[in-house]
Amino acid sequence: MLNGFQLKSPFFAIVTKSYLYGDDVLALARAADAAAKKYDVDVIFTTPIVELRRVAEATERIFVYAPHMDPIVPGRGVADILPESLIAAGARGVVLNHSEKPLSLSVLAQTIRRADEVGLATVVFADTAAESAAVAMLGPNIIVAEPAELIGTGQTSDIAYVSAAIRAIKDVDPRIFVLQGAGISSGEDVYRVIRAGAEATGASSGIIKAKDRAAMVDEMIGAIRRAWDDRVAER
């Protein structure tokens with residue numbers, strides 16, 4: 001696990017996948033940056049590799065992450081993604097094992113170790129509570145617990161899944177942050193998941209497909225702040 005990890009709860013994650021490219025990615029990053037400042041919420045913004053440097057240089061408050069990397073060292077590796085190159089481009093972390101880019105546990109373990117070596121935080125996706133526990137054994141900074149079948153559907157995980165995933169991860173290592181995702185499409189979804197106990201949530205298609213992406217980013221990040229503050233007030 002990366003020492004000196006800087007994010008704090010509650011935080012929000014945006015993954016552009018390949019929905020956007022070019023100036024559209026930059027516009028969304030700037031909207032996320034503005035909302036992060038407005039609500040004082042840490043935001044992970046995962047951008048296509050080719051947009052990393054431009055997004056990092058154009059924003060101040062968001063944490064720019066890469067969507068993948070390979071566990072290689074400088075030298076051979078045509079078309080592989082070198083961890084050091086991500087750092088040089090301005091990345092603060094990397095997303096691993098998304099259902100659209102799955103890794104075996106052995107490769108995932110190697111990749112997390114390389115990320116730790118160069119100073120990249122790791123966000124690792126897991127499908128079930130059992131897989132979340134197995135991933136937690138590898139020591140990432142954040143685990144995104146989301147049922148693969150719900151990704152992009154607009155349907156969110158039920159409360160039982162949220163609770164089971166959080167418990168499975170924290171039983172292994174309470175230092176690991178849990179981001180509850182899948183199907184988040186509105187501020188209401190964000191609020192419900194955070195109030196259920198998640199430390200973070202995020203969205204991809206729920207933002208990208210909105211009529212006004214900037215407005216949806218503001219709505220979701222505002223909701224995560226309200227939900228967290230309400231949780232704190234009830235303690």
# chains A, B, ... in the order shown; residues from 1 in each chain; ligands from 1

call {"tool": "select_by_dssp", "arguments": {"residues": "segment 1-232 of chain A", "states": "helix (DSSP H, G or I)", "output": "ChimeraX atom specification"}}
result
/A:23-39,49-58,83-89,105-118,129-136,148-150,159-172,187-195,205-208,213-232

call {"tool": "residues_around", "arguments": {"residues": "Ile208 of chain A", "least_positions_apart": "3", "cutoff": "8 Å", "atoms": "only C-alpha atoms", "output": "list in words"}}
result
Thr16, Tyr19, Leu20, Ser204, Ser205 and Arg213 of chain A

call {"tool": "write_last_selection", "arguments": {"atoms": "all heavy atoms", "output": "PDB file, in the first residue's frame"}}
result
ATOM      1  N   THR A  16     -13.743   8.326 -17.305  1.00  0.00           N
ATOM      2  CA  THR A  16     -14.270   8.692 -18.632  1.00  0.00           C
ATOM      3  C   THR A  16     -14.352   7.502 -19.575  1.00  0.00           C
ATOM      4  O   THR A  16     -15.071   7.563 -20.573  1.00  0.00           O
ATOM      5  CB  THR A  16     -13.393   9.776 -19.278  1.00  0.00           C
ATOM      6  OG1 THR A  16     -12.074   9.256 -19.483  1.00  0.00           O
ATOM      7  CG2 THR A  16     -13.333  11.016 -18.417  1.00  0.00           C
ATOM      8  N   TYR A  19     -15.702   6.980 -23.567  1.00  0.00           N
ATOM      9  CA  TYR A  19     -16.869   7.756 -23.961  1.00  0.00           C
ATOM     10  C   TYR A  19     -16.452   9.093 -24.568  1.00  0.00           C
ATOM     11  O   TYR A  19     -17.091   9.605 -25.485  1.00  0.00           O
ATOM     12  CB  TYR A  19     -17.756   8.050 -22.745  1.00  0.00           C
ATOM     13  CG  TYR A  19     -18.551   6.888 -22.217  1.00  0.00           C
ATOM     14  CD1 TYR A  19     -18.274   6.334 -20.976  1.00  0.00           C
ATOM     15  CD2 TYR A  19     -19.613   6.361 -22.954  1.00  0.00           C
ATOM     16  CE1 TYR A  19     -19.025   5.281 -20.467  1.00  0.00           C
ATOM     17  CE2 TYR A  19     -20.365   5.309 -22.449  1.00  0.00           C
ATOM     18  CZ  TYR A  19     -20.065   4.773 -21.213  1.00  0.00           C
ATOM     19  OH  TYR A  19     -20.805   3.729 -20.720  1.00  0.00           O
ATOM     20  N   LEU A  20     -15.387   9.672 -24.006  1.00  0.00           N
ATOM     21  CA  LEU A  20     -14.968  11.010 -24.406  1.00  0.00           C
ATOM     22  C   LEU A  20     -13.516  11.006 -24.872  1.00  0.00           C
ATOM     23  O   LEU A  20     -12.733  10.126 -24.500  1.00  0.00           O
ATOM     24  CB  LEU A  20     -15.095  11.985 -23.232  1.00  0.00           C
ATOM     25  CG  LEU A  20     -16.461  12.159 -22.584  1.00  0.00           C
ATOM     26  CD1 LEU A  20     -16.356  13.147 -21.428  1.00  0.00           C
ATOM     27  CD2 LEU A  20     -17.490  12.626 -23.595  1.00  0.00           C
ATOM     28  N   SER A 204     -19.550   6.953 -14.258  1.00  0.00           N
ATOM     29  CA  SER A 204     -19.021   7.097 -15.618  1.00  0.00           C
ATOM     30  C   SER A 204     -20.161   7.495 -16.543  1.00  0.00           C
ATOM     31  O   SER A 204     -20.367   8.663 -16.817  1.00  0.00           O
ATOM     32  CB  SER A 204     -18.373   5.793 -16.090  1.00  0.00           C
ATOM     33  OG  SER A 204     -17.224   5.488 -15.358  1.00  0.00           O
ATOM     34  N   SER A 205     -20.941   6.497 -16.972  1.00  0.00           N
ATOM     35  CA  SER A 205     -22.021   6.766 -17.924  1.00  0.00           C
ATOM     36  C   SER A 205     -23.083   7.691 -17.347  1.00  0.00           C
ATOM     37  O   SER A 205     -23.717   8.458 -18.073  1.00  0.00           O
ATOM     38  CB  SER A 205     -22.662   5.453 -18.395  1.00  0.00           C
ATOM     39  OG  SER A 205     -23.196   4.724 -17.302  1.00  0.00           O
ATOM     40  N   ARG A 213     -23.419  17.703 -18.590  1.00  0.00           N
ATOM     41  CA  ARG A 213     -22.431  16.957 -17.810  1.00  0.00           C
ATOM     42  C   ARG A 213     -21.915  17.756 -16.627  1.00  0.00           C
ATOM     43  O   ARG A 213     -21.758  17.228 -15.527  1.00  0.00           O
ATOM     44  CB  ARG A 213     -21.263  16.548 -18.713  1.00  0.00           C
ATOM     45  CG  ARG A 213     -21.635  15.523 -19.778  1.00  0.00           C
ATOM     46  CD  ARG A 213     -20.506  15.349 -20.767  1.00  0.00           C
ATOM     47  NE  ARG A 213     -20.899  14.490 -21.879  1.00  0.00           N
ATOM     48  CZ  ARG A 213     -20.391  14.558 -23.100  1.00  0.00           C
ATOM     49  NH1 ARG A 213     -19.447  15.464 -23.362  1.00  0.00           N
ATOM     50  NH2 ARG A 213     -20.805  13.760 -24.051  1.00  0.00           N
TER      51      ARG A 213
END

call {"tool": "residues_around", "arguments": {"residues": "Tyr21 of chain A", "least_positions_apart": "4", "cutoff": "9 Å", "atoms": "only C-alpha atoms", "output": "ChimeraX atom specification"}}
result
/A:16,25-26,47-48,50-51

call {"tool": "write_last_selection", "arguments": {"atoms": "all heavy atoms", "output": "CSV table (one decimal), in the first residue's frame"}}
result
chain,number,residue,atom,x,y,z
A,16,THR,N,-13.7,8.3,-17.3
A,16,THR,CA,-14.3,8.7,-18.6
A,16,THR,C,-14.4,7.5,-19.6
A,16,THR,O,-15.1,7.6,-20.6
A,16,THR,CB,-13.4,9.8,-19.3
A,16,THR,OG1,-12.1,9.3,-19.5
A,16,THR,CG2,-13.3,11.0,-18.4
A,25,VAL,N,-12.9,15.7,-22.9
A,25,VAL,CA,-12.3,15.2,-21.6
A,25,VAL,C,-11.9,16.4,-20.8
A,25,VAL,O,-12.1,16.5,-19.6
A,25,VAL,CB,-11.1,14.3,-21.9
A,25,VAL,CG1,-10.4,14.0,-20.6
A,25,VAL,CG2,-11.6,13.1,-22.6
A,26,LEU,N,-11.2,17.4,-21.4
A,26,LEU,CA,-10.7,18.6,-20.7
A,26,LEU,C,-11.9,19.4,-20.1
A,26,LEU,O,-11.8,19.8,-19.0
A,26,LEU,CB,-9.9,19.4,-21.7
A,26,LEU,CG,-9.1,20.6,-21.0
A,26,LEU,CD1,-8.2,20.1,-19.9
A,26,LEU,CD2,-8.4,21.4,-22.1
A,47,THR,N,-8.6,9.7,-16.7
A,47,THR,CA,-8.7,10.2,-18.0
A,47,THR,C,-8.0,9.2,-19.0
A,47,THR,O,-7.1,8.4,-18.6
A,47,THR,CB,-7.9,11.5,-18.1
A,47,THR,OG1,-7.8,11.9,-19.5
A,47,THR,CG2,-6.5,11.5,-17.6
A,48,PRO,N,-8.3,9.2,-20.3
A,48,PRO,CA,-7.6,8.4,-21.2
A,48,PRO,C,-6.1,8.7,-21.1
A,48,PRO,O,-5.7,9.9,-20.8
A,48,PRO,CB,-8.1,8.8,-22.6
A,48,PRO,CG,-9.5,9.3,-22.3
A,48,PRO,CD,-9.5,9.9,-20.9
A,50,VAL,N,-3.8,9.3,-23.2
A,50,VAL,CA,-3.2,10.4,-24.1
A,50,VAL,C,-3.6,11.8,-23.6
A,50,VAL,O,-3.1,12.8,-24.1
A,50,VAL,CB,-3.7,10.2,-25.6
A,50,VAL,CG1,-3.1,9.0,-26.1
A,50,VAL,CG2,-5.2,10.2,-25.7
A,51,GLU,N,-4.6,11.9,-22.7
A,51,GLU,CA,-5.1,13.2,-22.2
A,51,GLU,C,-4.5,13.5,-20.8
A,51,GLU,O,-4.7,14.6,-20.2
A,51,GLU,CB,-6.6,13.2,-22.1
A,51,GLU,CG,-7.3,13.0,-23.4
A,51,GLU,CD,-7.1,14.0,-24.5
A,51,GLU,OE1,-6.5,15.1,-24.1
A,51,GLU,OE2,-7.4,13.8,-25.6

call {"tool": "closest_residue", "arguments": {"among": "A:Glu234, A:Ile221, A:Asp212, A:Gly75", "to": "Ala32 of chain A", "atoms": "only C-alpha atoms"}}
result
A:Ile221

call {"tool": "residues_around", "arguments": {"residues": "Met216 of chain A", "least_positions_apart": "6", "cutoff": "9 Å", "atoms": "only C-alpha atoms", "output": "PDB file with N, CA and C atoms, in the first residue's frame"}}
result
ATOM      1  N   SER A 185     -26.360   7.257 -11.168  1.00  0.00           N
ATOM      2  CA  SER A 185     -26.822   8.109 -12.266  1.00  0.00           C
ATOM      3  C   SER A 185     -27.457   9.415 -11.813  1.00  0.00           C
ATOM      4  N   SER A 186     -27.427   9.683 -10.505  1.00  0.00           N
ATOM      5  CA  SER A 186     -28.029  10.922 -10.007  1.00  0.00           C
ATOM      6  C   SER A 186     -27.452  11.265  -8.641  1.00  0.00           C
ATOM      7  N   GLY A 187     -27.701  12.494  -8.213  1.00  0.00           N
ATOM      8  CA  GLY A 187     -27.298  12.888  -6.880  1.00  0.00           C
ATOM      9  C   GLY A 187     -27.984  12.054  -5.816  1.00  0.00           C
ATOM     10  N   GLY A 206     -23.289   7.647 -16.031  1.00  0.00           N
ATOM     11  CA  GLY A 206     -24.282   8.517 -15.411  1.00  0.00           C
ATOM     12  C   GLY A 206     -23.971   9.983 -15.611  1.00  0.00           C
ATOM     13  N   ILE A 207     -22.692  10.306 -15.747  1.00  0.00           N
ATOM     14  CA  ILE A 207     -22.272  11.678 -16.021  1.00  0.00           C
ATOM     15  C   ILE A 207     -22.170  11.917 -17.522  1.00  0.00           C
ATOM     16  N   ILE A 208     -21.505  11.018 -18.201  1.00  0.00           N
ATOM     17  CA  ILE A 208     -21.234  11.212 -19.629  1.00  0.00           C
ATOM     18  C   ILE A 208     -22.519  11.335 -20.432  1.00  0.00           C
ATOM     19  N   ALA A 210     -25.445  12.392 -19.367  1.00  0.00           N
ATOM     20  CA  ALA A 210     -26.345  13.451 -18.897  1.00  0.00           C
ATOM     21  C   ALA A 210     -26.445  14.563 -19.941  1.00  0.00           C
TER      22      ALA A 210
END

call {"tool": "closest_residue", "arguments": {"among": "A:Ile72, A:Val123, A:Ile81, A:Val217", "to": "Val107 of chain A", "atoms": "only C-alpha atoms"}}
result
A:Ile72

call {"tool": "closest_residue", "arguments": {"among": "A:Asp189, A:Glu84, A:Asp218, A:Asp116", "to": "Gly4 of chain A", "atoms": "only C-alpha atoms"}}
result
A:Asp116

call {"tool": "select_by_dssp", "arguments": {"residues": "segment 48-218 of chain A", "states": "strand (DSSP E)", "output": "ChimeraX atom specification"}}
result
/A:63-66,93-96,121-126,142-145,177-180,200-203

call {"tool": "atom_distance", "arguments": {"atom1": "atom CA of Ser85 of chain A", "atom2": "atom CA of Ile49 of chain A"}}
result
10.2 Å

call {"tool": "atom_distance", "arguments": {"atom1": "atom CA of Lys211 of chain A", "atom2": "atom CA of Ala13 of chain A"}}
result
19.4 Å

call {"tool": "closest_residue", "arguments": {"among": "A:Ser18, A:Ala215, A:Leu82, A:Ala165", "to": "Val178 of chain A", "atoms": "only C-alpha atoms"}}
result
A:Ala165
